[in-house]
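S.K.: Sharing a structure below in structure tokens format, with a few things to ask.
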Amino acid sequence: QCPDEPRGIDSKPFYIFKDSIGNDDKDIMNNAQMNHDYYLLGYSYQRRFISAFWAGDYDSAEIYCRSMLSLPSAKAPTLQSIYTTFYRGLIGFLRHRECQSEEQYGIGLDSIVKIEFWWQFSPTNFESKLFLLKAENEASLLNVDKARLLY
């Protein structure tokens with residue numbers, strides 16, 4: 001299970017902000033919701049998504065990702081959306097292999113489409129992500145030899 005809050009000194013990860021918005025991530029999210037600060041909300045959901053991904057808690061990762069994508073700020077491309085797209089694609093292909101979920105496979109394919117689009121403008125930044133997603137796609141289709149070439 002992934003922690004909802006980051007850990008810091010004395011379990012007060014946002015101590016420097018205590019006078020303005022509270023002591024923890026929940027206070028930050030509540031403040032952002034009250035002030036309609038969708039970028040801060042998106043960042044908080046994205047941070048939770050990444051934490052859940054690395055903890056292997058893919059159910060929570062999907063919940064946080066869907067919450068982030070539902071925000072108006074999710075329409076604009078950001079650095080966080082690039083990583084979210086990449087990791088969400090990896091999760092999609094993994095889950096497709098685990099339970100043959102077509103919905104999850106579609107998420108993986110959507111990630112490839114987005115990364116391919118961004119790759120056109122910056123191949124150096126996106127080539128390795130694109131190869132990994134394509135390799136995971138081939139692994140999901142049980143094309144082991146093609147997957148190995150792409151890895």
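By order in the structure tokens, chains are A, B, ...; within a chain, residues start at 1; ligands start at 1, following the order shown.
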Determine, counting only C-alpha atoms, which protein, DNA and RNA residues have an atom within 8 Å of an atom of range 136-140 of chain A; residues of the same chain fewer than 4 positions away are not included. Present the result as a ChimeraX atom specification.
M.R.: /A:90,93-94,96-97,108-109,132,144,146-147
S.K.: For the selection just defined, write its residues with C-alpha atoms to a file, as a PDB file, in the first residue's frame.
M.R.:
```pdb
ATOM      1  CA  LEU A  90       3.521   0.723 -18.564  1.00  0.00           C
ATOM      2  CA  PHE A  93       0.373  -3.152 -20.618  1.00  0.00           C
ATOM      3  CA  LEU A  94       1.284  -4.935 -17.381  1.00  0.00           C
ATOM      4  CA  HIS A  96      -3.315  -6.386 -19.804  1.00  0.00           C
ATOM      5  CA  ARG A  97      -0.827  -9.242 -19.425  1.00  0.00           C
ATOM      6  CA  GLY A 108      -1.125   1.480 -23.084  1.00  0.00           C
ATOM      7  CA  LEU A 109      -1.806   2.117 -26.769  1.00  0.00           C
ATOM      8  CA  LEU A 132       9.997   0.766 -23.732  1.00  0.00           C
ATOM      9  CA  VAL A 144       8.675 -12.074 -27.255  1.00  0.00           C
ATOM     10  CA  LYS A 146      10.033  -8.310 -31.082  1.00  0.00           C
ATOM     11  CA  ALA A 147       9.833  -7.217 -27.449  1.00  0.00           C
TER      12      ALA A 147
END
```
S.K.: What is the CA of Phe126 in chain A to CA of Lys114 in chain A distance in Å?
M.R.: 10.3 Å
S.K.: How many Å lie between CA of Ile107 in chain A and CA of Ile91 in chain A, rounded to one decimal?
M.R.: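 The value is 8.6 Å.
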S.K.: Between A:Met29, A:Ile112, A:Ile63, A:Met34, which one has atoms that come closest to Ile82 in chain A, using only C-alpha atoms?
M.R.: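 Using only C-alpha atoms, Ile82 in chain A sits closest to A:Ile112.
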